[in-house]
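Next comes final06.txt, with compact mmCIF, C-alpha atoms (C1' of nucleotides).
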```txt
# COMPACT_ATOMS: atom_id res chain seq x y z
CA MET A 805 -14.40 -5.00 31.61
CA THR A 806 -18.08 -5.67 32.01
CA THR A 807 -20.42 -5.25 34.88
CA THR A 808 -20.98 -8.96 34.96
CA HIS A 809 -17.53 -9.88 36.10
CA ALA A 810 -17.27 -13.34 37.45
CA GLU A 811 -15.29 -12.86 40.61
CA HIS A 812 -13.45 -16.13 40.66
CA ALA A 813 -15.20 -18.57 38.50
CA GLN A 814 -14.35 -22.05 37.37
CA PRO A 815 -10.93 -22.96 36.16
CA THR A 816 -10.04 -21.70 32.76
CA ALA A 817 -7.87 -23.30 30.19
CA ALA A 818 -5.20 -20.90 31.31
CA GLN A 819 -5.12 -22.32 34.79
CA PRO A 820 -6.67 -25.70 35.31
CA ALA A 821 -7.97 -26.62 38.71
CA ASP A 822 -4.91 -28.63 39.61
CA GLN A 823 -2.79 -25.52 39.32
CA ARG A 824 -4.97 -22.92 40.89
CA ASP A 825 -4.22 -23.73 44.46
CA GLU A 826 -0.54 -24.31 44.06
CA PRO A 827 1.81 -21.46 44.80
CA VAL A 828 2.57 -19.43 41.73
CA GLN A 829 5.95 -19.54 40.20
CA TRP A 830 6.65 -15.84 39.95
CA LEU A 831 8.72 -14.40 37.17
CA THR A 832 12.43 -14.02 37.67
CA ASP A 833 13.88 -10.54 37.41
CA ALA A 834 15.10 -11.20 33.90
CA GLN A 835 11.73 -12.56 32.84
CA GLN A 836 9.99 -9.65 34.45
CA ARG A 837 12.14 -7.17 32.58
CA ALA A 838 11.59 -8.91 29.28
CA TRP A 839 7.86 -9.07 29.82
CA ARG A 840 7.59 -5.41 30.66
CA ALA A 841 9.74 -4.42 27.75
CA TYR A 842 7.41 -6.40 25.57
CA LEU A 843 4.36 -4.67 26.98
CA LEU A 844 5.85 -1.24 26.53
CA GLY A 845 7.30 -1.89 23.11
CA SER A 846 4.25 -3.51 21.65
CA ALA A 847 2.07 -0.69 22.94
CA ARG A 848 4.26 1.93 21.33
CA LEU A 849 4.51 -0.01 18.12
CA THR A 850 0.80 -0.41 17.57
CA GLU A 851 0.33 3.18 18.60
CA ALA A 852 2.76 4.37 15.94
CA LEU A 853 1.37 2.15 13.21
CA THR A 854 -2.23 2.99 14.02
CA ARG A 855 -1.55 6.69 13.92
CA GLN A 856 0.40 6.57 10.71
CA LEU A 857 -2.27 4.65 8.86
CA GLU A 858 -5.13 6.67 10.17
CA TYR A 859 -3.46 9.95 9.47
CA ASP A 860 -1.98 9.24 6.07
CA SER A 861 -4.58 6.93 4.60
CA GLY A 862 -7.71 7.18 6.70
CA VAL A 863 -7.90 3.51 7.60
CA SER A 864 -7.47 1.84 10.94
CA LEU A 865 -4.95 -0.90 11.42
CA SER A 866 -7.60 -3.60 11.54
CA GLU A 867 -9.23 -2.31 8.39
CA TYR A 868 -5.87 -2.32 6.71
CA GLU A 869 -5.23 -5.87 7.80
CA ILE A 870 -8.53 -6.96 6.32
CA LEU A 871 -7.70 -5.37 2.99
CA VAL A 872 -4.27 -6.93 2.94
CA ARG A 873 -5.62 -10.34 3.70
CA LEU A 874 -8.18 -10.05 0.94
CA SER A 875 -5.61 -8.78 -1.53
CA GLU A 876 -3.64 -11.97 -1.16
CA THR A 877 -6.39 -14.39 -1.99
CA PRO A 878 -7.32 -15.47 -5.48
CA GLY A 879 -10.37 -13.46 -6.43
CA ARG A 880 -9.73 -11.08 -3.54
CA THR A 881 -12.45 -12.95 -1.72
CA LEU A 882 -12.62 -14.68 1.61
CA ARG A 883 -15.31 -16.02 3.82
CA MET A 884 -16.10 -14.01 6.88
CA SER A 885 -15.18 -16.80 9.22
CA GLU A 886 -11.80 -17.39 7.60
CA LEU A 887 -11.10 -13.70 7.59
CA ALA A 888 -11.95 -13.46 11.25
CA ALA A 889 -9.85 -16.46 12.17
CA SER A 890 -6.79 -15.35 10.26
CA LEU A 891 -6.86 -11.94 11.88
CA VAL A 892 -7.76 -13.10 15.38
CA HIS A 893 -10.88 -10.98 15.36
CA SER A 894 -14.22 -12.04 16.77
CA ARG A 895 -16.92 -12.72 14.24
CA SER A 896 -18.93 -9.87 15.65
CA ARG A 897 -16.06 -7.48 15.34
CA LEU A 898 -15.46 -8.49 11.77
CA THR A 899 -19.11 -8.07 10.92
CA HIS A 900 -19.08 -4.51 12.20
CA THR A 901 -15.79 -3.60 10.58
CA VAL A 902 -16.73 -5.10 7.23
CA SER A 903 -20.00 -3.20 7.37
CA ARG A 904 -18.09 0.02 7.71
CA LEU A 905 -15.75 -0.90 4.89
CA GLU A 906 -18.71 -1.83 2.75
CA ALA A 907 -20.36 1.51 3.44
CA ARG A 908 -17.22 3.13 2.07
CA GLY A 909 -17.26 0.98 -1.01
CA LEU A 910 -14.00 -0.78 -0.23
CA VAL A 911 -15.44 -4.27 0.04
CA GLU A 912 -18.66 -6.02 -0.86
CA ARG A 913 -20.57 -8.93 0.58
CA GLN A 914 -21.61 -11.83 -1.59
CA THR A 915 -23.64 -14.85 -0.71
CA CYS A 916 -21.57 -17.98 -0.59
CA ALA A 917 -22.65 -20.45 -3.23
CA ALA A 918 -21.17 -23.50 -1.57
CA ASP A 919 -22.57 -22.91 1.90
CA GLY A 920 -25.88 -21.20 2.41
CA ARG A 921 -24.80 -19.88 5.77
CA GLY A 922 -21.58 -18.38 4.55
CA VAL A 923 -20.89 -14.85 3.41
CA ASN A 924 -18.04 -13.96 1.11
CA CYS A 925 -16.18 -10.73 1.53
CA PHE A 926 -14.84 -9.30 -1.69
CA MET A 927 -12.45 -6.40 -2.07
CA THR A 928 -13.47 -3.88 -4.70
CA ASP A 929 -11.14 -2.04 -7.04
CA ALA A 930 -11.53 0.99 -4.83
CA GLY A 931 -10.41 -1.11 -1.90
CA PHE A 932 -7.41 -2.35 -3.77
CA ALA A 933 -6.51 1.13 -4.90
CA LEU A 934 -6.67 2.39 -1.38
CA LEU A 935 -4.50 -0.45 -0.22
CA GLU A 936 -1.92 0.28 -2.86
CA SER A 937 -1.75 3.89 -1.87
CA ALA A 938 -1.53 3.08 1.81
CA ALA A 939 1.01 0.29 1.67
CA PRO A 940 4.22 2.26 1.11
CA GLY A 941 3.69 4.50 4.10
CA HIS A 942 2.74 1.57 6.24
CA VAL A 943 5.80 -0.43 5.29
CA ARG A 944 8.00 2.56 5.97
CA ALA A 945 6.44 2.81 9.39
CA VAL A 946 6.94 -0.87 10.09
CA ARG A 947 10.58 -0.47 9.16
CA ALA A 948 11.07 2.70 11.11
CA ASN A 949 9.43 1.37 14.23
CA LEU A 950 10.53 -2.23 14.23
CA VAL A 951 12.38 -3.86 11.39
CA ASP A 952 15.13 -1.34 10.92
CA LEU A 953 15.63 -0.97 14.65
CA LEU A 954 16.71 -4.56 15.03
CA THR A 955 19.42 -6.71 13.60
CA ASP A 956 18.39 -9.46 11.24
CA GLU A 957 19.16 -11.97 13.94
CA GLN A 958 17.02 -10.18 16.51
CA LEU A 959 14.09 -9.92 14.17
CA GLN A 960 14.45 -13.55 13.29
CA VAL A 961 14.33 -14.61 16.93
CA VAL A 962 11.38 -12.37 17.62
CA GLY A 963 9.56 -13.86 14.68
CA ASP A 964 10.29 -17.41 15.75
CA ALA A 965 9.27 -16.71 19.31
CA MET A 966 6.01 -15.11 18.34
CA ALA A 967 5.26 -17.93 15.95
CA VAL A 968 5.48 -20.28 18.90
CA VAL A 969 3.18 -18.04 20.88
CA ALA A 970 0.73 -17.86 18.02
CA ALA A 971 0.76 -21.60 17.53
CA ALA A 972 0.19 -22.24 21.21
CA GLY A 973 -3.24 -20.70 20.99
CA THR A 974 -4.38 -23.15 18.38
CA ASP A 975 -4.16 -26.82 17.57
CA GLY A 976 -2.70 -26.06 14.22
CA PRO A 977 0.92 -26.60 13.25
CA PRO A 978 3.32 -23.71 13.86
CA GLU A 979 3.85 -23.50 10.12
CA THR A 980 0.40 -22.11 9.62
CA VAL A 981 0.97 -18.46 10.05
CA PRO A 982 -1.64 -17.00 7.76
CA GLY A 983 -0.45 -13.64 6.73
CA MET A 984 -1.94 -10.28 6.98
CA LEU A 985 -0.24 -6.99 6.56
CA VAL A 986 1.61 -5.77 3.55
CA PRO A 987 0.17 -6.55 0.15
CA GLU A 988 2.16 -8.84 -2.07
CA ARG A 989 4.67 -6.88 -4.07
CA ALA A 990 3.51 -8.59 -7.23
CA ALA A 991 0.52 -6.32 -7.33
CA GLY A 992 2.24 -3.01 -7.27
CA ALA A 993 5.61 -1.40 -7.33
CA SER A 994 8.56 -3.69 -7.42
CA ALA A 995 10.71 -3.98 -4.37
CA MET B 118 -11.12 5.09 12.01
CA THR B 119 -12.92 8.38 12.10
CA THR B 120 -15.12 10.07 9.58
CA THR B 121 -12.60 12.83 9.23
CA HIS B 122 -9.92 10.80 7.61
CA ALA B 123 -7.32 12.84 5.92
CA GLU B 124 -7.08 11.17 2.54
CA HIS B 125 -3.46 11.80 1.95
CA ALA B 126 -2.39 14.64 4.06
CA GLN B 127 0.80 16.56 4.26
CA PRO B 128 4.05 14.83 4.89
CA THR B 129 4.35 13.57 8.38
CA ALA B 130 7.38 13.03 10.46
CA ALA B 131 6.81 9.42 9.72
CA GLN B 132 7.51 9.94 6.13
CA PRO B 133 8.94 13.33 5.37
CA ALA B 134 8.53 14.72 1.92
CA ASP B 135 11.95 13.57 0.91
CA GLN B 136 10.97 9.98 1.61
CA ARG B 137 7.39 9.93 0.51
CA ASP B 138 8.08 9.93 -3.16
CA GLU B 139 10.94 7.51 -3.09
CA PRO B 140 10.18 3.89 -3.82
CA VAL B 141 9.51 1.94 -0.69
CA GLN B 142 11.93 -0.62 0.47
CA TRP B 143 9.59 -3.57 0.85
CA LEU B 144 10.18 -6.20 3.45
CA THR B 145 12.22 -9.23 2.57
CA ASP B 146 10.53 -12.58 2.85
CA ALA B 147 12.21 -13.29 6.14
CA GLN B 148 11.20 -9.90 7.51
CA GLN B 149 7.70 -10.40 6.26
CA ARG B 150 7.40 -13.74 7.99
CA ALA B 151 8.75 -12.35 11.24
CA TRP B 152 6.42 -9.37 11.10
CA ARG B 153 3.37 -11.49 10.48
CA ALA B 154 4.29 -13.92 13.18
CA TYR B 155 4.59 -10.99 15.51
CA LEU B 156 1.17 -9.69 14.58
CA LEU B 157 -0.47 -13.03 15.03
CA GLY B 158 1.33 -13.93 18.21
CA SER B 159 0.80 -10.64 19.92
CA ALA B 160 -2.88 -10.70 19.04
CA ARG B 161 -3.32 -14.15 20.52
CA LEU B 162 -1.30 -13.27 23.57
CA THR B 163 -3.27 -10.21 24.52
CA GLU B 164 -6.44 -12.09 23.74
CA ALA B 165 -5.50 -14.88 26.15
CA LEU B 166 -4.37 -12.54 28.91
CA THR B 167 -7.37 -10.27 28.58
CA ARG B 168 -9.78 -13.16 28.81
CA GLN B 169 -8.06 -14.77 31.76
CA LEU B 170 -8.04 -11.57 33.79
CA GLU B 171 -11.56 -10.61 32.93
CA TYR B 172 -12.91 -14.04 33.61
CA ASP B 173 -11.05 -14.87 36.78
CA SER B 174 -10.76 -11.49 38.42
CA GLY B 175 -13.15 -9.13 36.70
CA VAL B 176 -10.56 -6.59 35.63
CA SER B 177 -9.38 -5.67 32.18
CA LEU B 178 -5.75 -5.85 31.24
CA SER B 179 -5.35 -2.09 31.29
CA GLU B 180 -6.99 -1.83 34.68
CA TYR B 181 -4.69 -4.50 35.95
CA GLU B 182 -1.66 -2.68 34.62
CA ILE B 183 -2.73 0.46 36.39
CA LEU B 184 -3.04 -1.38 39.68
CA VAL B 185 0.34 -3.02 39.21
CA ARG B 186 2.00 0.27 38.46
CA LEU B 187 0.47 1.88 41.52
CA SER B 188 1.40 -1.02 43.74
CA GLU B 189 5.06 -0.50 42.96
CA THR B 190 5.30 3.11 44.00
CA PRO B 191 5.93 4.35 47.51
CA GLY B 192 2.58 5.34 48.92
CA ARG B 193 0.81 3.47 46.12
CA THR B 194 0.33 6.85 44.52
CA LEU B 195 1.18 8.27 41.14
CA ARG B 196 0.25 11.33 39.18
CA MET B 197 -2.15 10.80 36.35
CA SER B 198 0.31 12.02 33.79
CA GLU B 199 3.08 9.71 34.97
CA LEU B 200 0.69 6.81 35.08
CA ALA B 201 -0.47 7.52 31.57
CA ALA B 202 3.05 7.88 30.25
CA SER B 203 4.34 4.72 31.86
CA LEU B 204 1.50 2.70 30.42
CA VAL B 205 1.41 4.34 27.01
CA HIS B 206 -2.18 5.39 27.51
CA SER B 207 -3.56 8.72 26.44
CA ARG B 208 -4.48 11.07 29.25
CA SER B 209 -8.07 10.89 28.23
CA ARG B 210 -8.09 7.14 28.29
CA LEU B 211 -6.53 7.10 31.72
CA THR B 212 -9.06 9.58 33.02
CA HIS B 213 -11.91 7.35 31.91
CA THR B 214 -10.37 4.17 33.19
CA VAL B 215 -9.44 5.65 36.55
CA SER B 216 -12.96 6.98 36.89
CA ARG B 217 -14.27 3.47 36.49
CA LEU B 218 -11.76 2.10 38.97
CA GLU B 219 -12.67 4.84 41.39
CA ALA B 220 -16.34 4.03 41.08
CA ARG B 221 -15.48 0.51 42.14
CA GLY B 222 -13.48 1.75 45.10
CA LEU B 223 -10.18 0.40 43.86
CA VAL B 224 -8.42 3.75 43.56
CA GLU B 225 -8.99 7.30 44.75
CA ARG B 226 -8.12 10.68 43.37
CA GLN B 227 -6.28 13.22 45.49
CA THR B 228 -5.32 16.74 44.70
CA CYS B 229 -1.63 17.14 44.16
CA ALA B 230 -0.06 19.43 46.74
CA ALA B 231 3.01 20.31 44.71
CA ASP B 232 1.24 21.19 41.49
CA GLY B 233 -2.23 22.66 41.45
CA ARG B 234 -2.97 21.12 38.09
CA GLY B 235 -1.96 17.66 39.04
CA VAL B 236 -4.09 14.82 40.32
CA ASN B 237 -2.73 11.95 42.30
CA CYS B 238 -4.10 8.51 41.84
CA PHE B 239 -3.98 6.38 44.94
CA MET B 240 -4.67 2.68 45.21
CA THR B 241 -6.95 1.74 48.07
CA ASP B 242 -6.65 -1.35 50.24
CA ALA B 243 -9.47 -2.85 48.24
CA GLY B 244 -7.50 -2.23 45.10
CA PHE B 245 -4.44 -3.85 46.57
CA ALA B 246 -6.43 -6.82 47.76
CA LEU B 247 -7.89 -7.29 44.33
CA LEU B 248 -4.46 -7.08 42.78
CA GLU B 249 -3.13 -9.69 45.17
CA SER B 250 -5.91 -12.06 44.34
CA ALA B 251 -5.57 -11.51 40.62
CA ALA B 252 -1.80 -11.68 40.34
CA PRO B 253 -1.24 -15.44 40.60
CA GLY B 254 -3.62 -16.29 37.82
CA HIS B 255 -2.24 -13.57 35.65
CA VAL B 256 1.34 -14.68 36.14
CA ARG B 257 0.36 -18.24 35.35
CA ALA B 258 -1.23 -17.02 32.15
CA VAL B 259 1.85 -15.01 31.20
CA ARG B 260 3.94 -18.11 31.74
CA ALA B 261 1.58 -20.41 29.90
CA ASN B 262 1.22 -18.12 26.92
CA LEU B 263 4.67 -16.65 26.63
CA VAL B 264 7.43 -17.17 29.14
CA ASP B 265 7.31 -20.93 29.44
CA LEU B 266 6.95 -21.34 25.68
CA LEU B 267 10.34 -19.82 25.00
CA THR B 268 13.86 -20.55 26.03
CA ASP B 269 15.57 -18.11 28.34
CA GLU B 270 17.65 -16.93 25.43
CA GLN B 271 14.65 -16.33 23.23
CA LEU B 272 12.84 -14.39 25.89
CA GLN B 273 15.94 -12.36 26.54
CA VAL B 274 16.26 -11.40 22.88
CA VAL B 275 12.57 -10.57 22.64
CA GLY B 276 12.89 -8.36 25.69
CA ASP B 277 15.94 -6.58 24.37
CA ALA B 278 14.35 -6.07 20.98
CA MET B 279 11.15 -4.67 22.40
CA ALA B 280 13.11 -2.41 24.69
CA VAL B 281 14.69 -0.89 21.62
CA VAL B 282 11.28 -0.48 20.04
CA ALA B 283 9.93 1.11 23.19
CA ALA B 284 12.83 3.51 23.47
CA ALA B 285 12.48 4.59 19.85
CA GLY B 286 8.96 5.87 20.38
CA THR B 287 9.69 7.89 23.46
CA ASP B 288 10.15 11.28 21.90
CA GLY B 289 6.87 13.05 22.12
CA PRO B 290 3.45 12.68 23.64
CA PRO B 291 0.96 10.81 21.47
CA GLU B 292 -1.71 13.42 21.30
CA THR B 293 0.09 16.64 20.63
CA VAL B 294 1.32 16.37 17.10
CA PRO B 295 -0.50 14.00 14.82
CA GLY B 296 2.42 14.14 12.47
CA MET B 297 5.06 12.66 14.67
CA LEU B 298 4.16 9.09 14.24
CA VAL B 299 7.48 7.61 13.55
CA PRO B 300 10.84 8.60 14.82
CA GLU B 301 12.85 9.98 11.98
CA ARG B 302 15.67 7.78 11.02
CA ALA B 303 17.71 10.47 9.41
CA ALA B 304 20.83 8.42 9.83
CA GLY B 305 19.49 6.29 7.04
CA ALA B 306 20.03 3.10 8.88
CA SER B 307 19.03 0.16 6.83
CA ALA B 308 18.34 -3.32 7.99
C1' DA C 1039 -39.37 -35.61 7.05
C1' DT C 1040 -38.33 -34.04 11.60
C1' DC C 1041 -35.93 -33.26 15.84
C1' DG C 1042 -31.86 -31.67 18.02
C1' DC C 1043 -27.24 -30.01 17.63
C1' DT C 1044 -23.65 -27.29 15.65
C1' DT C 1045 -21.85 -23.67 12.67
C1' DG C 1046 -21.85 -18.99 10.33
C1' DG C 1047 -23.21 -14.57 10.60
C1' DT C 1048 -25.87 -10.57 12.25
C1' DT C 1049 -27.93 -7.41 15.61
C1' DG C 1050 -28.35 -4.03 19.37
C1' DA C 1051 -27.00 -2.53 23.74
C1' DA C 1052 -23.42 -1.61 26.77
C1' DG C 1053 -18.64 -0.88 27.48
C1' DT C 1054 -14.25 1.25 26.12
C1' DC C 1055 -11.20 4.35 23.47
C1' DT C 1056 -10.25 8.46 20.55
C1' DC C 1057 -10.60 13.06 19.39
C1' DA C 1058 -11.31 17.88 19.92
C1' DA C 1059 -12.50 21.36 22.98
C1' DC C 1060 -12.06 23.28 27.33
C1' DA C 1061 -10.84 24.84 32.23
C1' DA C 1062 -7.44 25.37 35.61
C1' DC C 1063 -2.98 26.01 36.67
C1' DT C 1064 2.16 26.90 35.99
C1' DA C 1065 6.08 29.05 33.70
C1' DC C 1066 8.22 32.28 31.01
C1' DT C 1067 8.79 37.05 29.69
C1' DA C 1068 8.66 41.68 29.47
C1' DT D 48 1.87 42.71 37.07
C1' DA D 49 0.36 41.35 33.35
C1' DG D 50 0.45 38.71 29.10
C1' DT D 51 1.23 34.79 26.73
C1' DA D 52 2.33 30.17 26.15
C1' DG D 53 2.68 25.43 27.71
C1' DT D 54 1.01 21.68 30.91
C1' DT D 55 -2.44 18.81 33.32
C1' DG D 56 -6.62 16.76 33.57
C1' DT D 57 -11.52 16.45 32.40
C1' DT D 58 -15.56 16.26 29.40
C1' DG D 59 -18.82 14.68 25.85
C1' DA D 60 -19.60 12.98 21.46
C1' DG D 61 -18.58 9.73 18.19
C1' DA D 62 -16.12 5.58 16.75
C1' DC D 63 -14.97 0.92 17.74
C1' DT D 64 -15.32 -3.54 20.42
C1' DT D 65 -17.53 -6.89 23.31
C1' DC D 66 -21.17 -9.62 24.81
C1' DA D 67 -25.33 -12.10 24.67
C1' DA D 68 -29.20 -13.14 22.07
C1' DC D 69 -30.82 -14.40 17.87
C1' DC D 70 -31.82 -16.28 13.00
C1' DA D 71 -30.79 -19.24 9.26
C1' DA D 72 -28.55 -23.11 7.20
C1' DG D 73 -26.03 -27.55 7.38
C1' DC D 74 -25.61 -32.21 9.74
C1' DG D 75 -26.74 -36.45 11.81
C1' DA D 76 -29.87 -39.65 13.83
C1' DT D 77 -34.36 -41.09 14.41
```
Would you encode the structure as structure tokens?
Amino acid sequence: MTTTHAEHAQPTAAQPADQRDEPVQWLTDAQQRAWRAYLLGSARLTEALTRQLEYDSGVSLSEYEILVRLSETPGRTLRMSELAASLVHSRSRLTHTVSRLEARGLVERQTCAADGRGVNCFMTDAGFALLESAAPGHVRAVRANLVDLLTDEQLQVVGDAMAVVAAAGTDGPPETVPGMLVPERAAGASA
Amino acid sequence: MTTTHAEHAQPTAAQPADQRDEPVQWLTDAQQRAWRAYLLGSARLTEALTRQLEYDSGVSLSEYEILVRLSETPGRTLRMSELAASLVHSRSRLTHTVSRLEARGLVERQTCAADGRGVNCFMTDAGFALLESAAPGHVRAVRANLVDLLTDEQLQVVGDAMAVVAAAGTDGPPETVPGMLVPERAAGASA
DNA sequence: ATCGCTTGGTTGAAGTCTCAACAACTACTA
DNA sequence: TAGTAGTTGTTGAGACTTCAACCAAGCGAT
């Protein structure tokens, strides 16, 4: 948190004025349990995935996500703003992260021909090679820490539920779940 | 990521030698979709909750979680290590965060009588008051961004699933062994 | 053309988290 | 009674993120 905290400011989108003064509808016990389980589980999951990637491949989870996203696009290129939006990163954060990736030779910046303001982010061969070497371990970790722990039905419900959550934050249709992790199998080893 | 990345290190617990060289079992399309939806949804969810808390109450999500955890214990007191474990924070992270909370007068540190090494973290009245004022808005945000978006059944399944995920990662403190990222699934359970 | 507005991206400082090293203490063992 | 090992918590530096300010380019209306 910052030093400029706003100590009760105007209504936010999360709680419009007409709701703020009404009594809260607290969570039921069952809801409370589910919510806490979510908090705990998601924390452990990202912890495990972050550590595995960092340790085995020397990339952070967000860097990996960037590479994956780029690997899926024709030309391995994407505009900064699209990249940021599809990963739910701030533009500033993406700028910094891409700068680090660029310093390592994994991506390059190119001026966008169509729009003078735009900047294209392009994944180099080195970036793709790194992604290919990192992917198997990452997928194993995703399985070991999530996918293989659940039944197909459970995973399906979780996916559907989170798709609703994701869609709620945007105007876009629920269908639009731009992907990130896990490079397309077409590129490398077969399934 | 750090500058000391390990560029393909030794086998980790996450992927023991006997697994590392085997072909990966990639995710099916359905699994892939669920996994990506999870990534996107969880990112948006934490984003929304973080912003709401910061903006309306001037606390970060992790600070809020600390206060909640303390508020539930008899005496509003908990040892640093227990606090860290229950929140899946590293000890170092908790130390820093508690220091900031202490500087704001929301918690206090007390020496632990039972164990000379231990430090008790105690929530002050000011901390409790802040929590009380922040809670309604936070709960509204949790409802608006998760609970009220799902059916009771969906939320139940999500909770159960994440409880499994959380339980799977329990064996072992995060910081001790870098190579324990993923619980071994020696039983060879597949999807 | 030019003004004003919006968008896309960067910058630097401040805030937060991670990592490795360390100090203080407990627990086991001989 | 040490001696050694494991636990608990802190520290400081470096890595990453956030935030606000900023520049440059497109966009629309005058």
Have a look at CA of Ala202 (chain B) and CA of Val281 (chain B) and let me know their distance in Å, one decimal.
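Interatomic distance here is 16.9 Å.
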Go ahead and compute the interatomic distance for CA of His206 (chain B) and CA of Arg168 (chain B), in Å to one decimal.
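One can read the CA of His206 (chain B) to CA of Arg168 (chain B) distance as 20.1 Å.
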Which neighbours of Glu199 (chain B) fall inside 12 Å, counting only C-alpha atoms (C1' of nucleotides), when residues of the same chain fewer than 4 positions from it are skipped, and could you give them as a PDB file with C-alpha atoms (C1' of nucleotides), keeping the file's coordinate frame?
```pdb
ATOM      1  CA  ILE B 183      -2.730   0.460  36.390  1.00  0.00           C
ATOM      2  CA  ARG B 186       2.000   0.270  38.460  1.00  0.00           C
ATOM      3  CA  LEU B 187       0.470   1.880  41.520  1.00  0.00           C
ATOM      4  CA  THR B 190       5.300   3.110  44.000  1.00  0.00           C
ATOM      5  CA  THR B 194       0.330   6.850  44.520  1.00  0.00           C
ATOM      6  CA  LEU B 195       1.180   8.270  41.140  1.00  0.00           C
ATOM      7  CA  SER B 203       4.340   4.720  31.860  1.00  0.00           C
ATOM      8  CA  LEU B 204       1.500   2.700  30.420  1.00  0.00           C
ATOM      9  CA  VAL B 205       1.410   4.340  27.010  1.00  0.00           C
ATOM     10  CA  HIS B 206      -2.180   5.390  27.510  1.00  0.00           C
ATOM     11  CA  SER B 207      -3.560   8.720  26.440  1.00  0.00           C
ATOM     12  CA  ARG B 208      -4.480  11.070  29.250  1.00  0.00           C
ATOM     13  CA  LEU B 211      -6.530   7.100  31.720  1.00  0.00           C
ATOM     14  CA  GLY B 235      -1.960  17.660  39.040  1.00  0.00           C
ATOM     15  CA  VAL B 236      -4.090  14.820  40.320  1.00  0.00           C
ATOM     16  CA  ASN B 237      -2.730  11.950  42.300  1.00  0.00           C
ATOM     17  CA  CYS B 238      -4.100   8.510  41.840  1.00  0.00           C
ATOM     18  CA  PRO B 290       3.450  12.680  23.640  1.00  0.00           C
TER      19      PRO B 290
ATOM     20  C1'  DT D  55      -2.440  18.810  33.320  1.00  0.00           C
TER      21       DT D  55
END
```
Which of these residues is nearest to Gly286 (chain B), using all atoms listed in the file: A:Ala838, A:Val828, A:Ala938, A:Leu953?
A:Leu953
Interatomic distance between CA of Ala283 (chain B) and CA of Ala852 (chain A)?
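Distance reported for this atom pair: 10.7 Å.
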Distance filter 10 Å, only C-alpha atoms (C1' of nucleotides), chain A against chain C, as a list of chain:residue names:
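Therefore, the residues near the partner are A:Met805, A:Thr806, A:Thr807, A:Arg883, A:Met884, A:Ser885, A:Arg895, A:Ser896, A:Leu898, A:Thr899, A:His900, A:Asp919, A:Gly920, A:Arg921, A:Gly922, A:Val923.
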So which residues touch Trp839 (chain A) within 9 Å, counting only C-alpha atoms (C1' of nucleotides), skipping near sequence neighbours fewer than 2 positions away, as a PyMOL selection string?
(chain A and resi 834-837+841-844) or (chain B and resi 259+263-264+272+275-276)
For those residues, write C-alpha atoms to a file as a PDB file, in the frame of the given file.
```
ATOM      1  CA  ALA A 834      15.100 -11.200  33.900  1.00  0.00           C
ATOM      2  CA  GLN A 835      11.730 -12.560  32.840  1.00  0.00           C
ATOM      3  CA  GLN A 836       9.990  -9.650  34.450  1.00  0.00           C
ATOM      4  CA  ARG A 837      12.140  -7.170  32.580  1.00  0.00           C
ATOM      5  CA  ALA A 841       9.740  -4.420  27.750  1.00  0.00           C
ATOM      6  CA  TYR A 842       7.410  -6.400  25.570  1.00  0.00           C
ATOM      7  CA  LEU A 843       4.360  -4.670  26.980  1.00  0.00           C
ATOM      8  CA  LEU A 844       5.850  -1.240  26.530  1.00  0.00           C
TER       9      LEU A 844
ATOM     10  CA  VAL B 259       1.850 -15.010  31.200  1.00  0.00           C
ATOM     11  CA  LEU B 263       4.670 -16.650  26.630  1.00  0.00           C
ATOM     12  CA  VAL B 264       7.430 -17.170  29.140  1.00  0.00           C
ATOM     13  CA  LEU B 272      12.840 -14.390  25.890  1.00  0.00           C
ATOM     14  CA  VAL B 275      12.570 -10.570  22.640  1.00  0.00           C
ATOM     15  CA  GLY B 276      12.890  -8.360  25.690  1.00  0.00           C
TER      16      GLY B 276
END
```
Residues of chain D were defined as contacting chain B if any atom lay at most 9 Å from it, counting only C-alpha atoms (C1' of nucleotides); please report them as a list of chain:residue names.
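Within 9 Å of chain B on chain D, we get D:DT54, D:DT55, D:DG56, D:DT57, D:DG61, D:DA62, D:DC63.
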Distance criterion (only C-alpha atoms): nearest to chain A out of B:Asp173, B:Glu270, B:Glu164, B:Glu139:
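Under the stated criterion, the closest residue is B:Asp173.
Minimum atom-to-atom distance to chain A, evaluated using only C-alpha atoms, belongs to B:Asp269 out of B:Asp242, B:Glu189, B:Asp269, B:Glu225.
In this comparison, which uses all atoms listed in the file, the residue of A:Phe932, A:Ser861, A:Leu887, A:Thr832 approaching chain B most closely is A:Ser861.
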Regenerate region 188-192 of chain B at the level of N, CA and C atoms and dump it as a PDB file, keeping the file's coordinate frame.
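Wrote result_22.pdb, looks like this:
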```pdb
ATOM      1  N   SER B 188       0.944  -0.196  42.630  1.00  0.00           N
ATOM      2  CA  SER B 188       1.400  -1.020  43.740  1.00  0.00           C
ATOM      3  C   SER B 188       2.914  -0.934  43.934  1.00  0.00           C
ATOM      4  N   GLU B 189       3.603  -0.513  42.889  1.00  0.00           N
ATOM      5  CA  GLU B 189       5.060  -0.500  42.960  1.00  0.00           C
ATOM      6  C   GLU B 189       5.612   0.808  43.511  1.00  0.00           C
ATOM      7  N   THR B 190       4.784   1.810  43.584  1.00  0.00           N
ATOM      8  CA  THR B 190       5.300   3.110  44.000  1.00  0.00           C
ATOM      9  C   THR B 190       5.156   3.281  45.504  1.00  0.00           C
ATOM     10  N   PRO B 191       6.062   4.035  46.086  1.00  0.00           N
ATOM     11  CA  PRO B 191       5.930   4.350  47.510  1.00  0.00           C
ATOM     12  C   PRO B 191       4.640   5.125  47.726  1.00  0.00           C
ATOM     13  N   GLY B 192       3.842   4.683  48.645  1.00  0.00           N
ATOM     14  CA  GLY B 192       2.580   5.340  48.920  1.00  0.00           C
ATOM     15  C   GLY B 192       1.472   4.920  47.974  1.00  0.00           C
TER      16      GLY B 192
END
```
